[in-house]
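Have a look at the structure below, then the notes.
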Amino acid sequence: MKIRIPYGLIAVVTPQIIAVDEKNYDRSATIAAIATPPGEGGVAIVRISGPKALAVANLVFSRPLGEEDSHRVRYGQILTEDAQVIDQVLAIPFCRGRSYTGEETVELHCHGGSLIARKVLERVLEGGAVGAKPGEFTYRAFMNGKLDLAQAEAVQAVIGAKSEKAMHAAREQLQGRLSDLVRQFQKELTEIAAILEAWVDFPEEGLEFATPQQLVGQLARLVREMEQLLATFEQGRILHEGFTVCLVGSPNVGKSSLMNALLERERAIVTAIPGTTRDTLEDYMSLGGFHLRLIDTAGIRQTEEEVEKEGIKRSHLVMEEADIVLLLKDATAPDEELSWVPPKHIVVWNKIDLVDTKVEGLAISAKHRIGLEELLKILEEKIRSIEGFDREEVSITHLRHKEALNVAVEAVLRGMQGLEEGISPEFLCFDLREALHALGRILGTDVTEDIITEIFSRFCLGK
Ligand SMILES: Nc1nc2c(ncn2[C@@H]2O[C@H](COP(=O)(O)OP(=O)(O)OP(=O)(O)O)[C@@H](O)[C@H]2O)c(=O)[nH]1
Ligand SMILES: [Mg+2]
């Protein structure tokens with residue numbers, strides 16, 4: 001016999017936004033914005049979306065546009081109220097919801113001057129559209145079921161991706177790989193919850209569909225899979241923020257020289273005076289498709305000088321947060337003892353051009369660019385050794401997703417424990433529902449409007 005999923009549970013897993021009252025967004029309005037970046041360019045796009053998109057376009061465009069023009073390019077002019085030409089444009093209507101937002105949309109491709117684009121937008125606003133808020137187009141796509149929340153977040157991640165790897169991960173999330181996995185978790189949890197609910201309703205029949213041991217086994221497997229996904233947060237974070245490499249050492253060992261050598265430009269001040277770098281200094285480079293965040297720091301030594309002291313304090317702070325610390329040492333002074341040791345560091349001997357004897361370990365010359373390839377190779381290996389980078393698995397990149405998954409894991413673990421202790425199935429259902437709700441938050445089925453607003457307000461205008 002097949003188990004029926006009770007209605008209450010279907011409601012939990014059916015995509016819908018539960019607590020959105022849309023005080024920040026008004027979906028009855030027709031919105032418009034310039035969708036291309038500010039500045040001069042070949043083309044600028046003004047996007048109009050909403051119930052009156054075609055009507056607004058028809059007020060400002062020289063040719064009538066109808067539903068039969070959907071997905072076709074129409075050439076014409078944007079006209080002022082008294083028929084003066086503002087610009088020659090291409091208009092593309094998207095009708096019957098077949099658009100990014102899932103609403104009637106018209107794109108106007110005008111000349112790429114920022115003034116022209118603004119004039120066209122102003123005219124569109126005169127025609128009855130209202131200016132869109134940041135992310136409002138994607139918000140509508142989300143509300144119209146074109147994207148779930150994890151996918152919507154991926155849109156911004158795709159736009160903001162700073163490395164090949166980050167773009168790949170974001171694209172996967174946009175295509176719904178993370179969402180599919182979360183839905184799979186939801187489906188399995190729902191089935192188990194349904195069995196438990198049947199048990200609540202018909203206790204005399206006992207657990208007809210599965211023994212408590214079987215259920216515990218299934219839940220344990222789910223927990224393992226969710227924990228595996230959680231473990232990818234580390235790589236996700238690195239994709240998102242970059243892998244932080246911090247250069248530390250005593251004054252004058254060549255940290256700033258190495259920073260410049262890696263960046264291939266004179267980013268940091270280099271002098272023969274110990275204590276040159278006072279503040280932390282950061283910049284980015286790419287390595288093997290990864291995004292590297294390099295931080296140069298003030299040389300660490302005993303000092304009473306106030307500015308330098310503050311700089312050294314910052315060196316210590318940066319060291320604690322870095323993914324890897326390059327501890328630079330001067331090969332001409334190999335016996336120097338340090339009174340401090342950074343966490344997870346690699347020792348790099350610099351200035352090997354000045355010593356005749358062979359130096360053990362990783363040895364470079366920042367000034368003469370010797371050994372840099374070896375150093376970069378080691379750094380790349382370090383990044384790749386992080387859990388999951390080699391396997392092409394789905395990763396989570398947002399703290400929000402991590403927190404939701406954590407809640408789900410905790411709830412399922414509580415449920416499992418309850419099952420083992422023979423607790424009444426009502427309580428177990430409660431735990432599983434909590435897990436389902438938490439998973440729903442990743443997809444946006446169970447989030448408050450504040451969270452939604454927070455997410456979309458981080459988007460760029462016109463997206
Ligand atoms: N011969 C040689 N000199 C180097 C090398 N790397 C750095 N130097 C020199 O060492 C001196 C100090 O270099 P910096 O890069 O400013 O050293 P730093 O570690 O940033 O020093 P602070 O900012 O004072 O902590 C400069 O005169 C550099 O030209 C190297 O590989 N070989
Ligand atoms: Mg320096």
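Note on naming: chains are A, B, ... as they come in the structure tokens, residues start from 1 per chain, ligands start from 1 in the order shown.
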
For Val307 of chain A: contacts at 12 Å, only C-alpha atoms, fewer than 6 positions along chain excluded, given as a list in words: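 Selected residues are Gly275, Thr276, Thr277, Arg278, Asp279, Ala298, Lys313 and Arg314 of chain A.
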
At most 10 Å from ligand 1 (only C-alpha atoms and all ligand atoms): residue list as a compact mmCIF listing (two decimals) with N, CA and C atoms, in the first residue's frame:
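Once everything was written out, this is pocket_12.txt:
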```txt
# COMPACT_ATOMS: atom_id res chain seq x y z
N LEU A 247 50.75 37.72 4.13
CA LEU A 247 52.21 37.73 4.17
C LEU A 247 52.66 38.32 5.49
N VAL A 248 53.34 37.52 6.31
CA VAL A 248 53.82 38.06 7.59
C VAL A 248 55.28 37.72 7.79
N GLY A 249 55.88 38.40 8.74
CA GLY A 249 57.28 38.16 9.06
C GLY A 249 57.87 39.35 9.78
N SER A 250 59.13 39.24 10.10
CA SER A 250 59.81 40.36 10.75
C SER A 250 59.95 41.51 9.75
N PRO A 251 60.26 42.70 10.23
CA PRO A 251 60.45 43.82 9.30
C PRO A 251 61.58 43.52 8.32
N ASN A 252 61.41 44.02 7.12
CA ASN A 252 62.47 43.98 6.11
C ASN A 252 62.75 42.62 5.46
N VAL A 253 61.95 41.61 5.75
CA VAL A 253 62.23 40.29 5.16
C VAL A 253 61.78 40.24 3.70
N GLY A 254 60.98 41.22 3.26
CA GLY A 254 60.59 41.27 1.85
C GLY A 254 59.13 40.94 1.59
N LYS A 255 58.27 41.18 2.57
CA LYS A 255 56.84 40.89 2.40
C LYS A 255 56.23 41.75 1.30
N SER A 256 56.51 43.05 1.38
CA SER A 256 55.92 43.95 0.38
C SER A 256 56.52 43.66 -0.99
N SER A 257 57.80 43.29 -1.02
CA SER A 257 58.42 42.94 -2.30
C SER A 257 57.71 41.73 -2.90
N LEU A 258 57.36 40.76 -2.06
CA LEU A 258 56.68 39.57 -2.56
C LEU A 258 55.26 39.91 -3.03
N MET A 259 54.60 40.76 -2.26
CA MET A 259 53.26 41.22 -2.66
C MET A 259 53.33 41.81 -4.08
N ASN A 260 54.28 42.69 -4.29
CA ASN A 260 54.42 43.33 -5.60
C ASN A 260 54.78 42.32 -6.68
N ALA A 261 55.66 41.38 -6.33
CA ALA A 261 56.08 40.39 -7.32
C ALA A 261 54.89 39.54 -7.75
N ALA A 268 52.82 47.96 -3.23
CA ALA A 268 53.20 48.36 -1.87
C ALA A 268 54.54 49.10 -1.89
N ILE A 269 54.73 49.97 -0.91
CA ILE A 269 56.01 50.68 -0.80
C ILE A 269 57.07 49.71 -0.28
N VAL A 270 58.20 49.69 -0.98
CA VAL A 270 59.32 48.86 -0.57
C VAL A 270 60.51 49.78 -0.32
N THR A 271 61.09 49.70 0.87
CA THR A 271 62.34 50.42 1.13
C THR A 271 63.24 49.53 1.98
N ALA A 272 64.48 49.95 2.10
CA ALA A 272 65.44 49.17 2.91
C ALA A 272 65.26 49.47 4.40
N ILE A 273 64.32 50.36 4.73
CA ILE A 273 64.14 50.72 6.14
C ILE A 273 63.16 49.74 6.81
N PRO A 274 63.57 49.08 7.86
CA PRO A 274 62.66 48.15 8.56
C PRO A 274 61.47 48.93 9.12
N GLY A 275 60.29 48.36 8.98
CA GLY A 275 59.09 49.06 9.48
C GLY A 275 58.47 49.96 8.43
N THR A 276 58.69 49.66 7.16
CA THR A 276 58.13 50.49 6.08
C THR A 276 56.61 50.36 6.04
N THR A 277 56.12 49.15 6.03
CA THR A 277 54.67 48.94 5.94
C THR A 277 54.06 49.13 7.33
N ARG A 278 53.09 50.02 7.40
CA ARG A 278 52.48 50.33 8.70
C ARG A 278 51.10 49.73 8.84
N ASP A 279 50.41 49.64 7.70
CA ASP A 279 49.02 49.21 7.74
C ASP A 279 48.92 47.89 6.97
N THR A 280 47.79 47.21 7.07
CA THR A 280 47.62 46.06 6.19
C THR A 280 47.16 46.59 4.83
N ASP A 296 49.28 42.15 2.59
CA ASP A 296 50.62 42.49 3.07
C ASP A 296 50.44 43.11 4.45
N THR A 297 51.37 42.85 5.34
CA THR A 297 51.21 43.34 6.72
C THR A 297 52.47 44.06 7.21
N ALA A 298 52.31 44.74 8.32
CA ALA A 298 53.46 45.39 8.96
C ALA A 298 54.37 44.32 9.56
N GLY A 299 55.69 44.49 9.41
CA GLY A 299 56.63 43.54 9.99
C GLY A 299 56.49 43.50 11.50
N ILE A 300 56.56 42.30 12.06
CA ILE A 300 56.31 42.16 13.50
C ILE A 300 57.63 42.21 14.29
N ARG A 301 57.70 43.11 15.25
CA ARG A 301 58.85 43.22 16.16
C ARG A 301 58.42 43.95 17.42
N GLU A 308 53.42 52.05 14.59
CA GLU A 308 53.90 50.72 14.23
C GLU A 308 53.23 49.65 15.10
N GLY A 311 49.93 48.90 13.76
CA GLY A 311 50.09 48.09 12.54
C GLY A 311 50.35 46.63 12.89
N ILE A 312 51.19 46.41 13.87
CA ILE A 312 51.55 45.04 14.25
C ILE A 312 50.34 44.31 14.84
N LEU A 328 57.30 34.78 5.99
CA LEU A 328 58.54 35.09 5.29
C LEU A 328 59.71 35.20 6.25
N LYS A 329 60.82 34.60 5.84
CA LYS A 329 62.04 34.72 6.64
C LYS A 329 63.18 35.12 5.71
N ASP A 330 64.13 35.79 6.30
CA ASP A 330 65.27 36.28 5.53
C ASP A 330 66.34 35.18 5.49
N ALA A 331 66.66 34.71 4.28
CA ALA A 331 67.61 33.61 4.15
C ALA A 331 69.02 34.02 4.59
N THR A 332 69.24 35.34 4.64
CA THR A 332 70.57 35.77 5.08
C THR A 332 70.67 35.82 6.61
N TRP A 349 61.51 31.18 2.54
CA TRP A 349 62.81 31.86 2.72
C TRP A 349 63.01 32.81 1.56
N ASN A 350 63.20 34.09 1.89
CA ASN A 350 63.37 35.09 0.84
C ASN A 350 64.83 35.54 0.77
N LYS A 351 65.13 36.22 -0.30
CA LYS A 351 66.47 36.78 -0.56
C LYS A 351 67.50 35.68 -0.80
N ILE A 352 67.11 34.59 -1.44
CA ILE A 352 68.11 33.53 -1.68
C ILE A 352 69.16 33.96 -2.69
N ASP A 353 68.87 35.06 -3.39
CA ASP A 353 69.91 35.55 -4.30
C ASP A 353 71.15 36.03 -3.53
N LEU A 354 70.97 36.28 -2.23
CA LEU A 354 72.09 36.80 -1.44
C LEU A 354 72.89 35.72 -0.72
N VAL A 355 72.42 34.47 -0.77
CA VAL A 355 73.17 33.42 -0.06
C VAL A 355 73.74 32.42 -1.06
N ALA A 363 62.30 28.30 -1.06
CA ALA A 363 63.19 29.45 -1.09
C ALA A 363 62.94 30.28 -2.34
N ILE A 364 62.87 31.59 -2.13
CA ILE A 364 62.56 32.48 -3.26
C ILE A 364 63.41 33.74 -3.20
N SER A 365 63.34 34.49 -4.26
CA SER A 365 63.80 35.86 -4.21
C SER A 365 62.68 36.71 -4.79
N ALA A 366 62.08 37.50 -3.91
CA ALA A 366 60.96 38.33 -4.36
C ALA A 366 61.48 39.39 -5.32
N LYS A 367 62.67 39.89 -5.01
CA LYS A 367 63.22 40.97 -5.80
C LYS A 367 63.58 40.50 -7.20
N HIS A 368 64.14 39.31 -7.29
CA HIS A 368 64.60 38.82 -8.60
C HIS A 368 63.66 37.77 -9.20
N ARG A 369 62.50 37.63 -8.61
CA ARG A 369 61.46 36.72 -9.13
C ARG A 369 61.98 35.30 -9.29
N ILE A 370 62.66 34.81 -8.28
CA ILE A 370 63.12 33.42 -8.31
C ILE A 370 62.20 32.59 -7.41
N GLY A 371 61.80 31.42 -7.89
CA GLY A 371 61.02 30.49 -7.06
C GLY A 371 59.55 30.85 -6.91
```

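Distance-wise, atom CA of Gln173 of chain A and atom CA of Leu219 of chain A end up 25.2 Å apart.
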
Near-Ala157 of chain A list (12 Å; only C-alpha atoms; drop same-chain fewer than 3 positions) as a ChimeraX atom specification: /A:150-154,160-174,236-237,239-241,396-398,455,458-460

Those same residues - N, CA and C atoms - I'd like them written as a CSV table (one decimal), in the first residue's frame.
```
chain,number,residue,atom,x,y,z
A,150,ALA,N,17.1,30.4,-3.8
A,150,ALA,CA,18.6,30.1,-4.0
A,150,ALA,C,19.0,30.5,-5.4
A,151,GLN,N,18.1,30.3,-6.4
A,151,GLN,CA,18.5,30.6,-7.7
A,151,GLN,C,18.6,32.2,-7.9
A,152,ALA,N,17.7,32.9,-7.2
A,152,ALA,CA,17.7,34.3,-7.3
A,152,ALA,C,19.0,34.8,-6.7
A,153,GLU,N,19.4,34.2,-5.6
A,153,GLU,CA,20.7,34.7,-5.0
A,153,GLU,C,21.9,34.4,-6.0
A,154,ALA,N,21.7,33.3,-6.7
A,154,ALA,CA,22.8,32.9,-7.7
A,154,ALA,C,22.9,33.9,-8.8
A,160,GLY,N,28.4,38.9,-9.8
A,160,GLY,CA,29.5,39.4,-9.0
A,160,GLY,C,30.7,38.5,-9.0
A,161,ALA,N,30.6,37.3,-9.8
A,161,ALA,CA,31.7,36.3,-9.7
A,161,ALA,C,33.0,36.9,-10.1
A,162,LYS,N,34.1,36.7,-9.4
A,162,LYS,CA,35.4,37.3,-9.7
A,162,LYS,C,36.4,36.2,-10.2
A,163,SER,N,36.0,35.0,-10.2
A,163,SER,CA,36.9,34.0,-10.8
A,163,SER,C,36.0,32.9,-11.5
A,164,GLU,N,36.7,32.2,-12.4
A,164,GLU,CA,36.1,31.2,-13.2
A,164,GLU,C,35.3,30.2,-12.3
A,165,LYS,N,36.0,29.8,-11.2
A,165,LYS,CA,35.4,28.8,-10.3
A,165,LYS,C,34.1,29.3,-9.6
A,166,ALA,N,34.2,30.6,-9.2
A,166,ALA,CA,33.1,31.2,-8.5
A,166,ALA,C,31.9,31.3,-9.5
A,167,MET,N,32.2,31.6,-10.8
A,167,MET,CA,31.2,31.8,-11.8
A,167,MET,C,30.5,30.4,-12.1
A,168,HIS,N,31.4,29.4,-12.1
A,168,HIS,CA,30.9,28.0,-12.3
A,168,HIS,C,29.9,27.6,-11.2
A,169,ALA,N,30.3,27.9,-10.0
A,169,ALA,CA,29.5,27.5,-8.8
A,169,ALA,C,28.2,28.2,-8.9
A,170,ALA,N,28.3,29.5,-9.2
A,170,ALA,CA,27.1,30.3,-9.2
A,170,ALA,C,26.1,29.9,-10.3
A,171,ARG,N,26.7,29.5,-11.4
A,171,ARG,CA,25.9,29.1,-12.6
A,171,ARG,C,25.2,27.8,-12.2
A,172,GLU,N,25.9,26.9,-11.6
A,172,GLU,CA,25.3,25.6,-11.2
A,172,GLU,C,24.1,25.9,-10.2
A,173,GLN,N,24.3,26.9,-9.3
A,173,GLN,CA,23.2,27.2,-8.4
A,173,GLN,C,22.0,27.8,-9.1
A,174,LEU,N,22.4,28.7,-10.1
A,174,LEU,CA,21.3,29.3,-10.9
A,174,LEU,C,20.5,28.3,-11.7
A,236,GLY,N,32.7,27.0,-0.7
A,236,GLY,CA,31.8,28.0,-1.2
A,236,GLY,C,32.2,29.4,-0.7
A,237,ARG,N,32.5,29.5,0.5
A,237,ARG,CA,33.0,30.8,1.0
A,237,ARG,C,34.2,31.3,0.3
A,239,LEU,N,35.1,30.5,-2.7
A,239,LEU,CA,34.8,30.9,-4.0
A,239,LEU,C,34.2,32.4,-4.0
A,240,HIS,N,33.4,32.6,-3.0
A,240,HIS,CA,32.7,33.9,-2.9
A,240,HIS,C,33.6,35.0,-2.5
A,241,GLU,N,34.4,34.8,-1.5
A,241,GLU,CA,35.3,35.9,-1.0
A,241,GLU,C,36.7,35.9,-1.5
A,396,ILE,N,27.4,25.0,-1.1
A,396,ILE,CA,26.7,26.2,-0.6
A,396,ILE,C,27.6,27.3,-0.4
A,397,THR,N,27.2,28.5,-0.8
A,397,THR,CA,28.0,29.7,-0.8
A,397,THR,C,27.5,30.8,0.1
A,398,HIS,N,26.2,30.6,0.6
A,398,HIS,CA,25.6,31.6,1.4
A,398,HIS,C,25.5,31.2,2.8
A,455,ILE,N,17.7,40.4,0.9
A,455,ILE,CA,18.4,39.7,-0.2
A,455,ILE,C,18.3,40.5,-1.5
A,458,ARG,N,20.3,43.8,-2.0
A,458,ARG,CA,21.8,43.8,-2.3
A,458,ARG,C,22.1,43.7,-3.8
A,459,PHE,N,21.0,43.5,-4.6
A,459,PHE,CA,21.2,43.4,-6.0
A,459,PHE,C,21.5,44.8,-6.6
A,460,CYS,N,22.0,44.7,-7.9
A,460,CYS,CA,22.1,46.0,-8.5
A,460,CYS,C,20.8,46.5,-9.1
```

One-decimal distance in Å that lies between atom CA of Glu225 of chain A and atom CA of Ala193 of chain A: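 Those two atoms sit 17.8 Å apart.
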
Residue contacts of segment 68-70 of chain A (12 Å, only C-alpha atoms) excluding same-chain residues fewer than 3 positions away, as an NGL selection string: :A and (54 or 63-65 or 73-75 or 91-99 or 104-107)

In segment 307-409 of chain A, DSSP strand (DSSP E or B) residues written as a list in words: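 After running DSSP on the backbone, segment 307-409 of chain A has strand (DSSP E or B) at Ile324, Val325, Leu326, Leu327, Leu328, Lys329, Asp330, His345, Ile346, Val347, Val348, Trp349, Asn350, Ala363, Ser365 and Ile370 of chain A.
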
For C-alpha atoms, I'd like the residues from the last selection saved as a tab-separated table (two decimals), in the first residue's frame.
```
chain	number	residue	atom	x	y	z
A	324	ILE	CA	46.89	30.51	4.73
A	325	VAL	CA	49.79	32.48	6.14
A	326	LEU	CA	53.07	32.85	4.28
A	327	LEU	CA	55.68	33.31	6.97
A	328	LEU	CA	58.54	35.09	5.29
A	329	LYS	CA	62.04	34.72	6.64
A	330	ASP	CA	65.27	36.28	5.53
A	345	HIS	CA	51.57	28.75	7.88
A	346	ILE	CA	54.10	27.96	5.19
A	347	VAL	CA	57.66	29.15	5.75
A	348	VAL	CA	59.11	30.97	2.76
A	349	TRP	CA	62.81	31.86	2.72
A	350	ASN	CA	63.37	35.09	0.84
A	363	ALA	CA	63.19	29.45	-1.09
A	365	SER	CA	63.80	35.86	-4.21
A	370	ILE	CA	63.12	33.42	-8.31
```

For atom CA of Gln77 of chain A and atom CA of Ala55 of chain A, the interatomic separation in Å (one decimal):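 Separation between atom CA of Gln77 of chain A and atom CA of Ala55 of chain A: 15.6 Å.
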